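Trainee: Structure file data.cif, mmCIF, C-alpha atoms and all ligand atoms, is pasted below:
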data_upload
#
loop_
_atom_site.label_atom_id
_atom_site.label_comp_id
_atom_site.auth_asym_id
_atom_site.auth_seq_id
_atom_site.Cartn_x
_atom_site.Cartn_y
_atom_site.Cartn_z
CA MET A 267 -36.77 -5.55 -2.49
CA ARG A 268 -39.86 -5.71 -4.46
CA THR A 269 -42.86 -3.99 -5.52
CA VAL A 270 -45.93 -5.82 -4.60
CA TRP A 271 -49.22 -6.03 -6.30
CA HIS A 272 -49.35 -2.56 -7.62
CA CYS A 273 -46.85 -3.51 -10.24
CA PHE A 274 -49.39 -5.68 -11.82
CA ASN A 275 -52.54 -4.07 -10.89
CA THR A 276 -53.82 -0.99 -12.54
CA VAL A 277 -56.74 -0.93 -10.12
CA ILE A 278 -54.32 -0.67 -7.24
CA ALA A 279 -52.31 1.93 -9.09
CA VAL A 280 -55.40 4.12 -9.18
CA ILE A 281 -56.60 3.43 -5.65
CA PHE A 282 -53.37 3.84 -3.75
CA THR A 283 -51.14 6.87 -3.50
CA VAL A 284 -47.78 7.03 -5.19
CA SER A 285 -46.18 6.00 -1.93
CA PHE A 286 -47.79 2.62 -2.28
CA PHE A 287 -45.61 1.89 -5.24
CA THR A 288 -43.26 0.02 -2.99
CA GLU A 289 -42.86 -3.55 -2.04
CA ILE A 290 -44.60 -3.13 1.26
CA ALA A 291 -47.96 -2.37 -0.33
CA ALA A 292 -48.33 -6.08 -0.87
CA GLU A 293 -51.00 -7.48 1.28
CA SER A 294 -52.91 -4.24 1.39
CA SER A 295 -54.16 -5.07 -2.08
CA SER A 296 -55.26 -8.62 -1.49
CA VAL A 297 -58.85 -7.80 -2.40
CA ALA A 298 -57.99 -6.35 -5.78
CA THR A 299 -58.36 -8.08 -9.07
CA ILE A 300 -55.14 -8.48 -10.98
CA VAL A 301 -55.65 -7.03 -14.43
CA ASP A 302 -52.17 -6.10 -15.62
CA TYR A 303 -48.93 -7.99 -15.07
CA GLU A 304 -46.59 -5.55 -16.74
CA PRO A 305 -44.06 -4.29 -14.16
CA LEU A 306 -43.88 -0.50 -13.96
CA TRP A 307 -40.14 -0.41 -13.38
CA SER A 308 -37.14 -2.53 -14.19
CA TYR A 309 -33.83 -3.43 -12.54
CA ASP A 310 -32.20 -2.71 -15.91
CA GLU A 311 -33.31 0.94 -15.81
CA GLU A 312 -32.70 2.23 -12.28
CA SER A 313 -32.44 5.82 -13.52
CA LYS A 314 -36.10 5.66 -14.55
CA TRP A 315 -37.46 4.42 -11.24
CA PRO A 316 -40.33 6.49 -9.81
CA GLY A 317 -39.55 8.59 -6.73
CA HIS A 318 -37.07 11.44 -6.36
CA HIS A 319 -34.95 9.49 -3.85
CA CYS A 320 -34.45 6.75 -6.44
CA GLN A 321 -33.45 9.15 -9.18
CA GLU A 322 -31.61 11.87 -7.28
CA GLY A 323 -30.30 9.85 -4.36
CA GLY A 324 -30.54 10.89 -0.76
CA LYS A 325 -28.52 10.81 2.44
CA ARG A 326 -29.05 7.20 3.44
CA GLN A 327 -29.84 5.16 0.34
CA SER A 328 -29.61 1.37 0.32
CA PRO A 329 -28.11 -1.09 -0.38
CA ILE A 330 -24.51 -0.37 0.61
CA ASP A 331 -21.20 -2.13 0.88
CA ILE A 332 -20.53 -2.68 4.59
CA LYS A 333 -16.87 -2.21 5.39
CA THR A 334 -16.37 -4.09 8.63
CA SER A 335 -13.46 -1.82 9.59
CA ASP A 336 -15.93 1.11 9.62
CA VAL A 337 -18.64 -0.68 11.63
CA ILE A 338 -19.16 0.79 15.11
CA PRO A 339 -19.43 -1.67 18.04
CA ASP A 340 -22.27 -0.01 19.92
CA PHE A 341 -20.98 -0.29 23.48
CA THR A 342 -22.56 3.03 24.42
CA LYS A 343 -25.97 2.11 22.94
CA MET A 344 -26.04 5.02 20.51
CA PHE A 345 -28.21 3.11 18.02
CA ILE A 346 -28.85 -0.33 19.51
CA LYS A 347 -30.67 0.93 22.58
CA TYR A 348 -33.32 -1.69 23.25
CA GLY A 349 -31.57 -4.88 24.32
CA PRO A 350 -31.63 -8.20 22.46
CA LEU A 351 -33.82 -8.63 19.39
CA GLN A 352 -37.10 -10.30 20.31
CA PHE A 353 -39.01 -12.30 17.70
CA SER A 354 -42.56 -13.52 18.25
CA GLY A 355 -44.86 -15.59 16.05
CA TYR A 356 -42.40 -16.66 13.31
CA HIS A 357 -42.80 -20.41 13.84
CA ARG A 358 -46.15 -20.70 12.06
CA VAL A 359 -46.79 -17.88 9.62
CA LEU A 360 -49.79 -17.95 7.27
CA VAL A 361 -48.69 -16.50 3.94
CA SER A 362 -49.52 -16.33 0.26
CA GLY A 363 -46.77 -16.47 -2.33
CA ILE A 364 -46.54 -14.60 -5.62
CA ASN A 365 -44.11 -14.10 -8.47
CA ASN A 366 -44.63 -10.37 -9.01
CA GLY A 367 -42.21 -9.99 -11.89
CA HIS A 368 -39.37 -8.78 -9.68
CA THR A 369 -39.05 -11.51 -7.09
CA ILE A 370 -40.76 -14.33 -5.22
CA GLN A 371 -42.64 -12.87 -2.31
CA PHE A 372 -44.49 -14.43 0.61
CA SER A 373 -46.93 -11.98 2.22
CA SER A 374 -48.52 -12.34 5.66
CA GLU A 375 -52.18 -13.25 5.52
CA GLY A 376 -54.98 -12.89 8.02
CA GLU A 377 -55.54 -10.26 10.69
CA GLU A 378 -52.61 -8.02 11.49
CA ALA A 379 -52.94 -9.10 15.12
CA ILE A 380 -51.64 -12.58 14.22
CA HIS A 381 -48.70 -11.39 12.12
CA PRO A 382 -45.25 -12.08 13.55
CA VAL A 383 -43.60 -9.15 15.33
CA VAL A 384 -40.05 -8.12 16.16
CA THR A 385 -38.72 -5.51 18.58
CA GLY A 386 -35.56 -4.75 20.55
CA GLY A 387 -32.05 -4.14 19.30
CA PRO A 388 -32.29 -0.84 17.38
CA LEU A 389 -36.12 -1.12 17.30
CA LYS A 390 -37.98 0.99 19.84
CA TYR A 391 -41.41 -0.13 18.62
CA LEU A 392 -43.08 -3.39 17.64
CA TYR A 393 -42.79 -4.11 13.93
CA ARG A 394 -45.19 -6.53 12.22
CA LEU A 395 -44.07 -8.74 9.37
CA GLU A 396 -45.61 -7.76 6.04
CA GLN A 397 -43.70 -10.00 3.68
CA LEU A 398 -40.58 -11.97 2.84
CA HIS A 399 -38.86 -11.78 -0.55
CA PHE A 400 -35.60 -12.76 -2.21
CA HIS A 401 -32.78 -11.13 -4.18
CA TRP A 402 -30.24 -13.02 -6.23
CA LEU A 403 -27.44 -11.87 -6.05
CA SER A 404 -27.46 -10.13 -2.68
CA GLU A 405 -28.09 -6.38 -2.52
CA HIS A 406 -25.76 -5.59 0.39
CA SER A 407 -22.16 -6.67 0.31
CA ILE A 408 -19.58 -7.15 3.06
CA ASN A 409 -16.11 -5.74 2.37
CA GLY A 410 -16.97 -5.67 -1.33
CA VAL A 411 -18.12 -9.29 -1.46
CA LYS A 412 -21.67 -10.22 -2.44
CA PHE A 413 -23.53 -13.36 -1.45
CA PRO A 414 -25.50 -15.49 -3.95
CA MET A 415 -28.77 -14.50 -2.25
CA GLU A 416 -30.33 -12.09 0.24
CA LEU A 417 -33.65 -12.64 2.03
CA HIS A 418 -35.60 -9.56 3.14
CA PHE A 419 -38.19 -9.82 5.92
CA VAL A 420 -40.08 -6.53 5.56
CA HIS A 421 -41.79 -5.16 8.70
CA VAL A 422 -43.94 -2.09 9.34
CA ARG A 423 -44.15 -0.22 12.66
CA SER A 424 -47.26 -1.69 14.22
CA ASP A 425 -48.59 1.67 15.44
CA LEU A 426 -48.51 3.14 11.93
CA SER A 427 -50.27 2.59 8.63
CA VAL A 428 -48.05 1.73 5.67
CA VAL A 429 -48.38 5.26 4.29
CA GLU A 430 -47.45 6.79 7.66
CA ALA A 431 -44.52 4.39 8.02
CA LEU A 432 -43.10 5.38 4.64
CA GLY A 433 -42.76 8.93 5.93
CA LYS A 434 -40.86 8.06 9.12
CA ARG A 435 -37.17 7.36 9.40
CA ASP A 436 -37.98 4.34 11.57
CA GLY A 437 -41.25 3.42 9.88
CA LEU A 438 -39.99 0.10 8.51
CA ALA A 439 -37.64 -2.60 9.73
CA ILE A 440 -36.11 -5.04 7.27
CA ILE A 441 -34.39 -8.11 8.64
CA SER A 442 -31.87 -9.28 6.06
CA VAL A 443 -30.33 -12.74 5.84
CA PHE A 444 -27.68 -13.71 3.31
CA GLY A 445 -27.98 -16.99 1.42
CA ASN A 446 -24.83 -18.93 0.63
CA VAL A 447 -24.55 -21.84 -1.80
CA GLN A 448 -22.80 -25.11 -1.10
CA ALA A 449 -22.94 -28.55 -2.68
CA GLU A 450 -24.52 -30.27 0.29
CA ILE A 451 -26.19 -28.99 3.43
CA ASP A 452 -25.99 -30.61 6.83
CA ASP A 453 -29.24 -30.82 8.75
CA PHE A 454 -27.94 -28.69 11.59
CA GLU A 455 -27.22 -25.79 9.24
CA PRO A 456 -30.00 -23.24 8.59
CA HIS A 457 -31.29 -23.56 5.03
CA VAL A 458 -34.04 -22.41 2.69
CA THR A 459 -35.59 -25.84 2.10
CA GLU A 460 -38.70 -24.62 3.97
CA ILE A 461 -39.82 -22.61 0.94
CA MET A 462 -38.43 -24.69 -1.92
CA GLU A 463 -41.54 -26.82 -2.44
CA TYR A 464 -43.47 -23.69 -3.45
CA ILE A 465 -40.92 -22.32 -5.93
CA PRO A 466 -41.96 -24.62 -8.84
CA HIS A 467 -45.45 -23.11 -8.55
CA LEU A 468 -44.12 -19.54 -8.77
CA MET A 469 -41.93 -19.65 -11.86
CA ASN A 470 -43.83 -17.13 -13.99
CA THR A 471 -44.97 -13.58 -13.32
CA GLY A 472 -48.41 -13.64 -11.76
CA ASP A 473 -48.15 -17.19 -10.40
CA ARG A 474 -49.59 -17.46 -6.90
CA VAL A 475 -49.94 -19.92 -4.05
CA SER A 476 -52.09 -19.29 -0.98
CA GLY A 477 -52.77 -20.82 2.39
CA VAL A 478 -49.09 -21.61 2.93
CA ILE A 479 -47.76 -22.02 6.47
CA LEU A 480 -44.05 -21.30 6.86
CA ASP A 481 -41.72 -21.77 9.82
CA MET A 482 -39.69 -18.64 9.19
CA THR A 483 -37.36 -19.32 12.10
CA LYS A 484 -35.76 -21.90 9.79
CA LEU A 485 -34.86 -19.08 7.41
CA PHE A 486 -33.09 -17.01 10.08
CA SER A 487 -29.42 -16.98 10.87
CA PRO A 488 -28.48 -19.16 13.83
CA ASN A 489 -26.97 -16.26 15.76
CA LYS A 490 -29.56 -13.50 16.06
CA GLU A 491 -27.35 -11.28 18.17
CA SER A 492 -24.62 -10.88 15.58
CA TYR A 493 -25.77 -8.35 13.00
CA TYR A 494 -25.08 -5.03 11.29
CA THR A 495 -27.69 -2.31 11.57
CA TYR A 496 -28.11 1.13 10.04
CA SER A 497 -30.72 3.65 9.03
CA GLY A 498 -31.31 3.42 5.28
CA SER A 499 -33.87 3.18 2.50
CA LEU A 500 -36.05 0.84 0.52
CA THR A 501 -34.11 -0.70 -2.35
CA SER A 502 -37.06 -0.53 -4.73
CA PRO A 503 -39.25 2.43 -5.78
CA GLU A 504 -39.73 4.88 -4.24
CA CYS A 505 -36.52 4.34 -2.25
CA ASN A 506 -38.02 5.97 0.88
CA GLU A 507 -35.45 6.62 3.61
CA ALA A 508 -37.68 4.93 6.16
CA VAL A 509 -35.90 1.66 6.91
CA ILE A 510 -33.96 0.37 9.89
CA TRP A 511 -31.87 -2.40 8.37
CA ILE A 512 -30.84 -5.39 10.50
CA ILE A 513 -28.45 -7.58 8.52
CA PHE A 514 -27.37 -10.86 10.09
CA ASP A 515 -23.74 -11.62 9.43
CA GLU A 516 -24.18 -15.41 9.39
CA PRO A 517 -25.88 -16.80 6.27
CA VAL A 518 -28.44 -19.50 5.66
CA TYR A 519 -27.64 -22.10 3.01
CA LEU A 520 -28.91 -23.33 -0.34
CA THR A 521 -27.72 -26.26 -2.39
CA ASP A 522 -26.49 -25.76 -5.95
CA ALA A 523 -29.70 -27.34 -7.22
CA GLN A 524 -31.89 -25.02 -5.12
CA TYR A 525 -29.98 -21.97 -6.33
CA ARG A 526 -30.33 -23.06 -9.95
CA GLN A 527 -34.08 -23.26 -9.38
CA PHE A 528 -34.12 -19.58 -8.45
CA GLY A 529 -32.12 -18.84 -11.60
CA LYS A 530 -34.94 -20.24 -13.72
CA ILE A 531 -37.56 -17.93 -12.22
CA GLY A 532 -38.74 -15.39 -14.75
CA VAL A 533 -37.80 -12.04 -13.22
CA GLY A 534 -35.47 -10.59 -15.83
CA ARG A 535 -31.70 -10.46 -15.84
CA HIS A 536 -31.23 -9.85 -12.11
CA ASN A 537 -33.12 -8.38 -9.19
CA PHE A 538 -30.78 -6.30 -7.05
CA ARG A 539 -30.40 -2.52 -6.88
CA SER A 540 -26.85 -1.27 -7.42
CA LEU A 541 -24.76 -0.30 -4.40
CA GLN A 542 -25.34 3.26 -3.18
CA LYS A 543 -22.79 5.86 -2.12
CA ILE A 544 -21.96 6.09 1.56
CA LYS A 545 -23.12 9.51 2.82
CA HIS A 546 -24.80 9.80 6.23
CA HIS A 547 -24.76 6.07 6.87
CA LEU A 548 -23.49 4.84 10.22
CA VAL A 549 -23.37 1.06 10.58
CA PHE A 550 -23.46 -0.43 14.07
CA THR A 551 -23.09 -3.88 15.56
CA PRO A 552 -24.13 -4.93 19.08
CA GLY A 553 -21.29 -4.30 21.48
CA GLU A 554 -22.09 -7.43 23.50
CA THR A 555 -21.51 -9.78 20.54
CA ARG A 556 -18.12 -8.29 19.86
CA ILE A 557 -16.81 -8.96 23.32
CA HIS A 558 -13.56 -10.17 21.85
CA MET A 559 -12.95 -6.67 20.53
CA PRO A 560 -12.31 -4.96 23.87
CA GLN A 561 -10.13 -7.92 24.80
CA ILE A 562 -8.22 -7.40 21.58
CA ALA A 563 -8.07 -3.68 22.34
CA VAL A 564 -6.67 -4.52 25.77
CA PHE A 565 -4.26 -6.94 24.18
CA PHE A 566 -3.00 -4.36 21.73
CA GLY A 567 -2.94 -1.81 24.53
CA ASP A 568 -0.65 -4.13 26.43
CA VAL A 569 1.52 -4.61 23.38
CA VAL A 570 1.78 -0.86 22.90
CA LYS A 571 2.73 -0.50 26.57
CA LEU A 572 5.35 -3.22 26.20
CA PHE A 573 6.75 -1.61 23.07
CA ARG A 574 6.80 1.81 24.73
CA GLU A 575 8.66 0.27 27.65
CA PHE A 576 10.99 -1.53 25.27
CA PHE A 577 11.80 1.61 23.27
CA ARG A 578 12.16 3.66 26.48
CA LYS A 579 14.74 1.17 27.72
CA ILE A 580 16.42 1.03 24.33
CA GLY A 581 16.44 4.83 24.25
CA THR A 582 17.92 4.95 27.74
CA PHE A 583 20.46 2.32 26.77
CA MET A 584 21.38 4.16 23.60
CA SER A 585 21.68 7.54 25.26
CA ASN A 586 23.68 6.01 28.11
CA GLY A 587 25.83 4.26 25.54
CA ILE A 588 26.39 7.48 23.66
CA LYS A 589 27.13 9.33 26.91
CA SER A 590 29.55 6.67 27.98
CA ARG A 591 31.61 7.12 24.81
ZN ZN B 1 -35.64 -6.46 -0.92
#
Rewrite the structure of this file - the entire thing - as structure tokens.

Mentor:
Amino acid sequence: MRTVWHCFNTVIAVIFTVSFFTEIAAESSSVATIVDYEPLWSYDEESKWPGHHCQEGGKRQSPIDIKTSDVIPDFTKMFIKYGPLQFSGYHRVLVSGINNGHTIQFSSEGEEAIHPVVTGGPLKYLYRLEQLHFHWLSEHSINGVKFPMELHFVHVRSDLSVVEALGKRDGLAIISVFGNVQAEIDDFEPHVTEIMEYIPHLMNTGDRVSGVILDMTKLFSPNKESYYTYSGSLTSPECNEAVIWIIFDEPVYLTDAQYRQFGKIGVGRHNFRSLQKIKHHLVFTPGETRIHMPQIAVFFGDVVKLFREFFRKIGTFMSNGIKSR
């Protein structure tokens, strides 16, 4: 994830509190004049990031490696309590793009009332989209395997200010989509082509484009009901433990050429935070989308029953055989 304007703007650094030194401060500073493009932190020096959670860790830091064998199908709605995810307003999103020295970021523009919103799944409240940004390689991994890219759609609880949201465990919701690279992409596959025309204009720190309209639904995974979700943190300073992560398990696609284009963007050596230790993390997946699992459980239950029966008969046979000797 990425810091927004504050990284480059000493005016903002003075105006906003320390908590604003996170990626979500982005569009809050749209009126400020950019006077300094020197990033205040670096992916090469995570130990020097501002914020005690970044430096000393916490209970639910992100990103993490998701071990699918540890993921909990949420049949009892312990965490995923609010039905299917519901997205609204993502087809035509007015954004401005910036290269902020850490990533390419597209921030929602205009009145908050017209920003896209998401709710449902693990989200009790409405969350409005603040911005979309990119990591290459991915920050999260699945069973130890990283993807070439990860897209983060950063949302803030619509009933809270950004500062308030940073202090709540469910203040933010980040929808995460992995990006996978393949030589050619079929039209029916979801892909990142929607944003590629703007990338050549955002190659250097401080580059900006405005008045862009994106169809963000084209950047989503095709199956929005198959995801991992957990309570975690921002992956950039100040690593606030205020994020409900929703990580789709099906990727969108980039071509080799598109991925190489990202590689040329001037953001330093890489832009992902290192994997964090698993502590109080509990990762869930919707029970409904794992319907095959109870069937498998039933199947294995039947097998166990058959084996028990088999060994009971064998045991009876053996003991009878022994007795008969
Ligand atoms: Zn991110």

Trainee: Which protein, DNA or RNA residues have an atom within 9 Å of ligand ZN 1 (chain B), counting all atoms listed in the file, as a ChimeraX atom specification?

Mentor: /A:267-269,289,369,398-401,405,416-420,440,442,500-502,537-539

Trainee: Using all atoms listed in the file, pick whichever of A:Cys320, A:Ile346, A:Leu426, A:Ala449 has the shortest atom-to-atom distance to Asp522 (chain A).

Mentor: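 The closest residue to Asp522 (chain A) is A:Ala449.
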
Trainee: Find, counting all atoms listed in the file, the residue in A:Trp402, A:Phe353, A:Ser487, A:Glu450 that gets nearest to His421 (chain A).

Mentor: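 Under the stated criterion, the closest residue is A:Phe353.
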
Trainee: Excluding His457 (chain A) and any residue of its chain fewer than 4 positions from it, enumerate the residues within 10 Å of it, using all atoms listed in the file, and give them as a PyMOL selection string.

Mentor: chain A and resi 445-447+451-453+461+484-487+517-521

Trainee: With only C-alpha atoms as the basis for distance, which of A:Met482, A:Gly472, A:Phe444, A:Gly324 is at the shortest distance from Glu460 (chain A)?

Mentor: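 Nearest candidate to Glu460 (chain A) out of A:Met482, A:Gly472, A:Phe444, A:Gly324: A:Met482.
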
Trainee: Hey, which of A:Ile544, A:Asp331, A:Leu395, A:Tyr525 ends up closest to Ile513 (chain A)? Count all atoms listed in the file.

Mentor: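 Checking each candidate against Ile513 (chain A), we get A:Asp331 as the closest.
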
Trainee: Between A:Gly323, A:Gly534, A:Gly367, A:Pro552, which residue has the minimum interatomic distance to Leu468 (chain A), considering only C-alpha atoms?

Mentor: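 Closest to Leu468 (chain A), using only C-alpha atoms: A:Gly367.
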
Trainee: I'd like the contact shell of His357 (chain A) - 10 Å cut-off, all atoms listed in the file, skipping same-chain residues fewer than 5 positions apart - returned as a VMD selection string.

Mentor: chain A and resid 382 479 to 484

Trainee: Measure the distance from CA of Arg394 (chain A) to CA of Ile441 (chain A) in Å and round it to one decimal.

Mentor: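 Going from CA of Arg394 (chain A) over to CA of Ile441 (chain A) covers 11.5 Å.
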
Trainee: Of the residues A:Ser540, A:Met344, A:Ile338, A:Glu396, which is the one nearest to Gln371 (chain A), using all atoms listed in the file?

Mentor: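 Checking each of A:Ser540, A:Met344, A:Ile338, A:Glu396 against Gln371 (chain A), counting all atoms listed in the file, the winner is A:Glu396.
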
Trainee: Mind pulling up the distance from CA of Val478 (chain A) to CA of Ser362 (chain A)?

Mentor: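 Between these atoms lies a distance of 5.9 Å.
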
Trainee: Can you tell me how far CA of Ser476 (chain A) sits from CA of Ala508 (chain A), in Å to one decimal?

Mentor: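 Those two atoms sit 29.1 Å apart.
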